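Participant: Take a look at model26.pdb, PDB, C-alpha atoms:
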ATOM      1  CA  MET A 318     124.112  76.025  98.340
ATOM      2  CA  SER A 319     123.134  72.692  96.832
ATOM      3  CA  GLU A 320     119.538  73.485  95.864
ATOM      4  CA  PRO A 321     118.462  76.332  93.610
ATOM      5  CA  MET A 322     116.429  79.087  95.229
ATOM      6  CA  TRP A 323     112.656  79.021  94.809
ATOM      7  CA  ASP A 324     110.653  81.843  93.318
ATOM      8  CA  VAL A 325     107.075  82.651  94.379
ATOM      9  CA  LYS A 326     105.559  80.206  91.895
ATOM     10  CA  ALA A 327     107.801  77.333  93.034
ATOM     11  CA  LEU A 328     107.133  77.983  96.731
ATOM     12  CA  ALA A 329     103.386  78.215  96.126
ATOM     13  CA  ALA A 330     103.474  74.866  94.311
ATOM     14  CA  TYR A 331     105.546  73.271  97.100
ATOM     15  CA  LEU A 332     103.142  74.486  99.782
ATOM     16  CA  GLY A 333      99.989  73.875  97.743
ATOM     17  CA  LYS A 334      98.956  77.502  98.215
ATOM     18  CA  PRO A 335      98.179  80.289  95.745
ATOM     19  CA  ALA A 336     100.878  82.834  94.927
ATOM     20  CA  SER A 337      98.785  85.492  96.698
ATOM     21  CA  TRP A 338      99.197  83.551  99.973
ATOM     22  CA  VAL A 339     102.980  83.579  99.512
ATOM     23  CA  TYR A 340     102.987  87.344  98.921
ATOM     24  CA  ASP A 341     100.671  87.989 101.876
ATOM     25  CA  ASN A 342     102.788  85.923 104.264
ATOM     26  CA  HIS A 343     105.986  87.479 102.986
ATOM     27  CA  LEU A 344     104.559  90.904 103.854
ATOM     28  CA  LYS A 345     103.677  89.648 107.342
ATOM     29  CA  GLU A 346     107.300  88.453 107.620
ATOM     30  CA  GLU A 347     106.113  84.917 108.202
ATOM     31  CA  VAL A 348     107.827  83.089 105.349
ATOM     32  CA  PRO A 349     111.637  83.378 105.349
ATOM     33  CA  SER A 350     112.513  85.246 102.173
ATOM     34  CA  PHE A 351     114.833  87.762 100.600
ATOM     35  CA  ARG A 352     114.910  89.918  97.516
ATOM     36  CA  VAL A 353     117.117  89.599  94.481
ATOM     37  CA  GLY A 354     116.526  92.890  92.762
ATOM     38  CA  GLN A 355     112.748  93.193  92.737
ATOM     39  CA  GLN A 356     112.074  89.462  92.883
ATOM     40  CA  LEU A 357     111.398  87.366  95.974
ATOM     41  CA  ARG A 358     113.471  84.256  96.541
ATOM     42  CA  PHE A 359     113.173  81.505  99.112
ATOM     43  CA  SER A 360     115.774  79.075 100.407
ATOM     44  CA  PRO A 361     114.336  75.543 100.346
ATOM     45  CA  THR A 362     116.340  74.698 103.471
ATOM     46  CA  GLU A 363     115.018  77.724 105.373
ATOM     47  CA  VAL A 364     111.439  77.078 104.243
ATOM     48  CA  ARG A 365     111.592  73.451 105.412
ATOM     49  CA  LYS A 366     113.026  74.560 108.764
ATOM     50  CA  TRP A 367     110.277  77.210 109.078
ATOM     51  CA  LEU A 368     107.617  74.574 108.363
ATOM     52  CA  GLU A 369     109.037  72.131 110.909
ATOM     53  CA  GLU A 370     109.008  74.827 113.591
ATOM     54  CA  ARG A 371     105.369  75.704 112.907
ATOM     55  CA  CYS A 372     103.778  72.339 112.154
ATOM     56  CA  ARG A 373     101.642  70.706 114.779
ATOM     57  CA  MET A 374     102.313  67.096 115.603
ATOM     58  CA  VAL A 375      99.310  64.910 114.798
ATOM     59  CA  GLU A 376      98.957  61.774 116.841
ATOM     60  CA  ALA A 377      97.272  58.750 115.265
TER      61      ALA A 377
END
Can the structure in the file be given as structure tokens, please?

Facilitator:
Amino acid sequence: MSEPMWDVKALAAYLGKPASWVYDNHLKEEVPSFRVGQQLRFSPTEVRKWLEERCRMVEA
């Protein structure tokens, strides 16, 4: 693993969303995540892959 794992605050900042959005989408099992003890963690690689799979292509 070359990049450190993201916590909720870091993922929210990356996505430009509030932390509540991250928690809500984690509960819906939308955002790829796992728990370390009681804390949520996110793999930057998995999050980027998840975004690529869900992003719509915008044609200019």

Participant: On this structure, which residues satisfy the PyMOL selection byres ((chain A and resi 361-370) around 8), written as a list in words?

Facilitator: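 Taken on the displayed file, the PyMOL selection byres ((chain A and resi 361-370) around 8) yields the residues Glu320, Pro321, Met322, Trp323, Val348, Pro349, Phe359, Ser360, Arg371 and Cys372 of chain A.
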
Participant: Would you export the selected residues with C-alpha atoms as a PDB file, in the frame of the given file, please?

Facilitator:
ATOM      1  CA  GLU A 320     119.538  73.485  95.864  1.00  0.00           C
ATOM      2  CA  PRO A 321     118.462  76.332  93.610  1.00  0.00           C
ATOM      3  CA  MET A 322     116.429  79.087  95.229  1.00  0.00           C
ATOM      4  CA  TRP A 323     112.656  79.021  94.809  1.00  0.00           C
ATOM      5  CA  VAL A 348     107.827  83.089 105.349  1.00  0.00           C
ATOM      6  CA  PRO A 349     111.637  83.378 105.349  1.00  0.00           C
ATOM      7  CA  PHE A 359     113.173  81.505  99.112  1.00  0.00           C
ATOM      8  CA  SER A 360     115.774  79.075 100.407  1.00  0.00           C
ATOM      9  CA  ARG A 371     105.369  75.704 112.907  1.00  0.00           C
ATOM     10  CA  CYS A 372     103.778  72.339 112.154  1.00  0.00           C
TER      11      CYS A 372
END

Participant: When the PyMOL selection byres ((chain A and resi 357) around 10) is applied to the file above, which residues end up in the set, as a PyMOL selection string?

Facilitator: chain A and resi 322-325+339-340+343+350-356+358-359

Participant: With 8 Å added on each side, what axis-aligned box encloses every listed atom of stretch 363-371 of chain A? Give the centre and edge lengths in Å to one decimal, as AutoDock Vina command-line options.

Facilitator:
--center_x 110.2 --center_y 74.9 --center_z 108.9 --size_x 25.6 --size_y 21.6 --size_z 25.3

Participant: Work out how far apart atom CA of A:Ala327 and atom CA of A:Lys345 are and give it in Å to one decimal.

Facilitator: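 Interatomic distance, atom CA of A:Ala327 to atom CA of A:Lys345: 19.3 Å.
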
Participant: Give me the residues near A:Lys326 as a list in words, where near means some atom within 10 Å (using all atoms listed in the file) and where sequence neighbours in that chain fewer than 6 positions away do not count.

Facilitator: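 Here the answer would be Lys334, Pro335, Ala336, Ser337 and Val339 of chain A.
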